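One structure below.
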2 protein chains.
Amino acid sequence: MEELSFAVDCMGGDYAPDEIVKGCVQAVRDFRWKIYLTGDEERISEILSFLGELDNPLLSVIHAPETVGMNEPPSSVLKKKDSSLYVAGKLVRRGDAQGLISAGNTGAVLAVGKFVVGSEEEVERPAIAVALPNPTGKTVLIDVGTNVDSKPKHLVQFAVIGHTYAQEILGIENPRVGLLSIGEEEGKGNELVKETYPLLKQTQLNFLGNAEGTDIYAGTFDVIVCDGFVGNIILKTSESLGLAVVSMIKEEVKKSLLARIGAVFMMPALNRFRKKADFTEYGGIPLLGAKKPVIITHGKANAKAIRNAIKVAGEFLKKDFNNKLVQNIKELIPAEAKI
Amino acid sequence: MEELSFAVDCMGGDYAPDEIVKGCVQAVRDFRWKIYLTGDEERISEILSFLGELDNPLLSVIHAPETVGMNEPPSSVLKKKDSSLYVAGKLVRRGDAQGLISAGNTGAVLAVGKFVVGSEEEVERPAIAVALPNPTGKTVLIDVGTNVDSKPKHLVQFAVIGHTYAQEILGIENPRVGLLSIGEEEGKGNELVKETYPLLKQTQLNFLGNAEGTDIYAGTFDVIVCDGFVGNIILKTSESLGLAVVSMIKEEVKKSLLARIGAVFMMPALNRFRKKADFTEYGGIPLLGAKKPVIITHGKANAKAIRNAIKVAGEFLKKDFNNKLVQNIKELIPAEAKI
């Protein structure tokens, strides 16, 4: 598959540019795809040279003198046209690269994904989906990006985007779709949910009705749809709870020698669990509905995570995700529920 | 303090009426308060008789032939005027009892709290607060009830209710108040948050700005304010994540003998942690802003949990919570931000 090519923002993330560049090199060695490395040409070339890959024709360094800070607002990012992120976005827009990967500021990557790479035909608002782990598999939560104050018809599109992701990428045949609310019965919820429910019923999706917070990690649904405000808070709350639980358990374990010994014995099992629970292990989270794959990795992404994110971008292309998505939007949503 | 009296719904919850009645007996023995036990007179009397407390003048059985199912919608509950829950609510409304305790259907208790017990003067929407654990203390999340589609001025009241709860009941001197959003800076969030932020700035609260999902269990705020839709989902997601983590860790631990041994050694520490994390251990969650204390316990509440919930209701009265709340609403909210 040498025909595939990706633009990787080498200056975003906690371990940029070293780990990002190393990840690109690993991807080229493993997949033989073309990679454009955007950022400080001198530093990137130094790392490539150190890795003995400076002359590899599959690795092209594209100089971008500016960088995007982790706390910079998305609006300012769109004005920084010489940043490593924006330049990567432009390479995709021009068709030189077929996907964008960045470990930088999530809001900034989202903005470049939406406004530089652009939205796919039929897609009103690209959305971020995460595949959250549960004891029996995974549940796609969509949108966890920043689509706030969504309208009912946006949620219907998110449902179809989530369905397509679950089906094409996660391999779930007939994804069970739920609408996140505060009670199971139709009519429970806020205005947005009450208006969205009847629209979802009219689609060709396998819509099971309202899901509740208790369903997020229970494996009772394959896709759970929500407004980006709620989804973002769910994701960050989960992260916060995870950290607090680890810290509080450590505190309790410290109080007893026996428990300390027990913890040592349990460590490999706990690490296996942590790996399973860490959705960034799988290569970042995709912005779905952009014209080309846009993959946002964790800010702490190392070389392996970057290599995996590039691999995931390749899968989206190989599986022809966008065409299937457009087809699903056209076929599964009846005219009344269309935007 | 024999002058205090409470109405306890003896037919709500998974272990009703046995554990509920036992909890009432424990409370009477420990605090010498008057308890009205509402529900099936024959069954309650049998249990009291078995416990040797049938003739205790502090325990009055009030017959209520109907019960409220765990999945009954709140609207139907308000029509069931002979249910143990409704009868308990009426006892409070009439002034016979000074607080209501129930382990029943949360939505039903909320409805009876709001519409039978009624709202306190100045309080537009009573709200549910939970004190969530974090490594350094507790964070009050409000509202986690079912106040959906709240207006900015409702969130301002929730902030003052949460502040009063943190100060008077949890003993936090100058509670740090945050507004739940998807970014720290003013201007980040949905329409509700953007309109609420400037109003909160005008109050006399110790308002630190937006909180994020990552702050819920981090101890960075003492009070976090949100709409009831979001709060309810956060609470249920946390519960769901907790269950999934335990189940997935068990699965991993099973795979290794060493890990199994380790788990046994760690058990006491893990149990101490679980106790700390289980906010129902502290005697249920209060509906704040009702005319009198209304305490909702976990459906699985046992005798001890019921006894603790009665104790908590007593604390609200002894600490004169409602008067302080009304005073705070009057003093901390400027005219422009008042409902």
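For the structure tokens, the naming scheme is as follows: chains receive sequential letters (A, B, ...) according to their order of presentation, residues are indexed from 1 within each chain, and ligands are indexed from 1 in presentation order.
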
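Using only C-alpha atoms, the contacts of Leu59 of chain A at a cut-off of 8 Å, with sequence neighbours closer than 2 positions omitted, comprise A:Val25, A:Val28, A:Lys34, A:Ile35, A:Tyr36, A:Leu37, A:Glu53, A:Leu54, A:Asp55, A:Asn56, A:Pro57, A:Val61.
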
(request) Report as a ChimeraX atom specification the set of chain B residues whose atoms approach chain A to within 8 Å, with distances computed over only C-alpha atoms. (result) /B:134-135,146,148-149,181-182,189-191,212-218,229-230,232-241,244,247-249,252-253,255-256,258-270,272-273

Residues at most 10 Å from Lys324 of chain B, counting only C-alpha atoms, excluding those fewer than 3 positions away in the same chain, as an mmCIF file with N, CA and C atoms, in the first residue's frame?
data_model
loop_
_atom_site.group_PDB
_atom_site.id
_atom_site.type_symbol
_atom_site.label_atom_id
_atom_site.label_comp_id
_atom_site.auth_asym_id
_atom_site.auth_seq_id
_atom_site.Cartn_x
_atom_site.Cartn_y
_atom_site.Cartn_z
ATOM 1 N N ILE B 161 -27.030 26.916 47.092
ATOM 2 C CA ILE B 161 -27.464 25.746 47.872
ATOM 3 C C ILE B 161 -26.258 24.845 48.158
ATOM 4 N N THR B 164 -23.985 26.414 50.730
ATOM 5 C CA THR B 164 -24.538 26.307 52.090
ATOM 6 C C THR B 164 -24.354 24.888 52.630
ATOM 7 N N TYR B 165 -24.550 23.898 51.766
ATOM 8 C CA TYR B 165 -24.374 22.495 52.172
ATOM 9 C C TYR B 165 -22.918 22.236 52.553
ATOM 10 N N GLU B 168 -22.250 24.395 55.925
ATOM 11 C CA GLU B 168 -22.966 24.038 57.153
ATOM 12 C C GLU B 168 -22.878 22.563 57.500
ATOM 13 N N LYS B 319 -28.589 22.059 62.792
ATOM 14 C CA LYS B 319 -27.712 23.103 62.247
ATOM 15 C C LYS B 319 -28.504 24.238 61.609
ATOM 16 N N ASP B 320 -29.818 24.146 61.695
ATOM 17 C CA ASP B 320 -30.675 25.219 61.178
ATOM 18 C C ASP B 320 -30.373 25.494 59.701
ATOM 19 N N PHE B 321 -30.196 24.410 58.957
ATOM 20 C CA PHE B 321 -29.769 24.524 57.566
ATOM 21 C C PHE B 321 -30.675 25.415 56.723
ATOM 22 N N GLN B 327 -31.194 32.721 54.087
ATOM 23 C CA GLN B 327 -30.375 33.910 54.334
ATOM 24 C C GLN B 327 -29.299 34.065 53.246
ATOM 25 N N ASN B 328 -28.648 32.953 52.906
ATOM 26 C CA ASN B 328 -27.615 33.003 51.864
ATOM 27 C C ASN B 328 -28.194 33.395 50.507
ATOM 28 N N ILE B 329 -29.352 32.841 50.188
ATOM 29 C CA ILE B 329 -29.961 33.196 48.900
ATOM 30 C C ILE B 329 -30.242 34.702 48.873
ATOM 31 N N LYS B 330 -30.704 35.219 49.995
ATOM 32 C CA LYS B 330 -30.996 36.658 50.047
ATOM 33 C C LYS B 330 -29.729 37.512 49.995
#

(message) Could you go through segment 115-290 of chain A and tell me which residues DSSP, when run on the backbone, assigns to strand (DSSP E), listing them as a ChimeraX atom specification?
(response) /A:127-134,137-142,176-180,206-211,223-225,285-288

(request) Show which residues sit within 10 Å of Val77 of chain B, as an NGL selection string. Count only C-alpha atoms, and ignore same-chain residues fewer than 4 positions away. (result) :B and (67-69 or 72-73 or 81-83 or 85-86 or 105 or 107-109 or 111-112)

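Here the question is which of A:Ala335, A:Pro65, A:Asn174, A:Lys300 gets nearest to Gln202 of chain A using only C-alpha atoms, and that residue is A:Ala335.
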
(request) Using DSSP on the backbone, list every residue of segment 96-269 of chain A that comes out as alpha helix (DSSP H), and give them as number ranges by chain. (result) A: 106-112, 152-168, 191-202, 228-254, 257-269

(request) With a distance cut-off of 7 Å and only C-alpha atoms, select the neighbouring residues of Gly289 of chain A, excluding the residue or stretch itself and same-chain residues fewer than 2 positions from it, and output the selection as a list in words. (result) Ser119, Glu120, Val123, Pro126, Ala127, Leu287 and Lys291 of chain A

(request) Can you pull out every residue within 12 Å of Val294 of chain A, counting only C-alpha atoms, but drop anything in the same chain fewer than 3 positions away, and send it as a PyMOL selection string? (result) chain A and resi 6-9+85+88-89+92-93+97-103+106+108-120+126-129+283-291+297+309-317+322

Write a file of the just-selected residues containing C-alpha atoms, as a compact mmCIF listing (two decimals), in the first residue's frame.
# COMPACT_ATOMS: atom_id res chain seq x y z
CA PHE A 6 -0.07 11.03 5.85
CA ALA A 7 0.83 14.37 7.36
CA VAL A 8 2.09 14.15 10.93
CA ASP A 9 2.32 17.25 13.13
CA LEU A 85 -0.48 21.63 12.75
CA ALA A 88 -0.16 19.40 8.12
CA GLY A 89 -3.83 20.29 7.62
CA VAL A 92 -4.28 17.08 3.49
CA ARG A 93 -6.51 19.73 1.99
CA ALA A 97 -1.48 13.66 2.18
CA GLN A 98 -4.56 11.54 2.83
CA GLY A 99 -4.80 11.95 6.59
CA LEU A 100 -3.65 14.04 9.54
CA ILE A 101 -2.18 12.83 12.84
CA SER A 102 -1.41 15.08 15.79
CA ALA A 103 -0.65 14.67 19.49
CA THR A 106 -7.24 18.60 21.05
CA ALA A 108 -6.70 22.95 17.92
CA VAL A 109 -6.63 19.64 16.03
CA LEU A 110 -10.42 19.67 15.97
CA ALA A 111 -10.45 23.18 14.53
CA VAL A 112 -7.90 22.34 11.85
CA GLY A 113 -9.76 19.11 11.11
CA LYS A 114 -13.07 20.90 10.69
CA PHE A 115 -11.93 24.06 8.95
CA VAL A 116 -8.72 23.20 7.10
CA VAL A 117 -9.23 19.53 6.19
CA GLY A 118 -12.96 20.27 6.01
CA SER A 119 -16.15 18.24 6.40
CA GLU A 120 -17.18 15.30 4.25
CA PRO A 126 -17.72 16.17 12.28
CA ALA A 127 -17.72 14.49 15.69
CA ILE A 128 -15.31 12.67 17.95
CA ALA A 129 -16.11 9.11 18.95
CA GLY A 283 -3.91 4.76 18.44
CA GLY A 284 -5.81 7.87 19.40
CA ILE A 285 -9.32 9.04 18.75
CA PRO A 286 -10.68 9.89 15.32
CA LEU A 287 -12.51 13.01 14.23
CA LEU A 288 -15.23 11.35 12.19
CA GLY A 289 -16.87 13.07 9.26
CA ALA A 290 -13.83 15.08 8.21
CA LYS A 291 -12.98 14.77 4.50
CA THR A 297 -3.59 11.07 20.01
CA ALA A 309 -2.37 6.34 15.09
CA ILE A 310 -0.88 6.33 11.59
CA LYS A 311 -1.96 2.71 11.25
CA VAL A 312 -5.52 3.62 12.31
CA ALA A 313 -5.63 6.44 9.73
CA GLY A 314 -4.61 3.87 7.13
CA GLU A 315 -7.42 1.54 8.22
CA PHE A 316 -10.01 4.26 7.73
CA LEU A 317 -8.83 4.64 4.14
CA ASN A 322 -15.98 7.95 4.41

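Straight-line separation from atom CA of Gly23 of chain A to atom CA of Ile142 of chain A: 27.6 Å.
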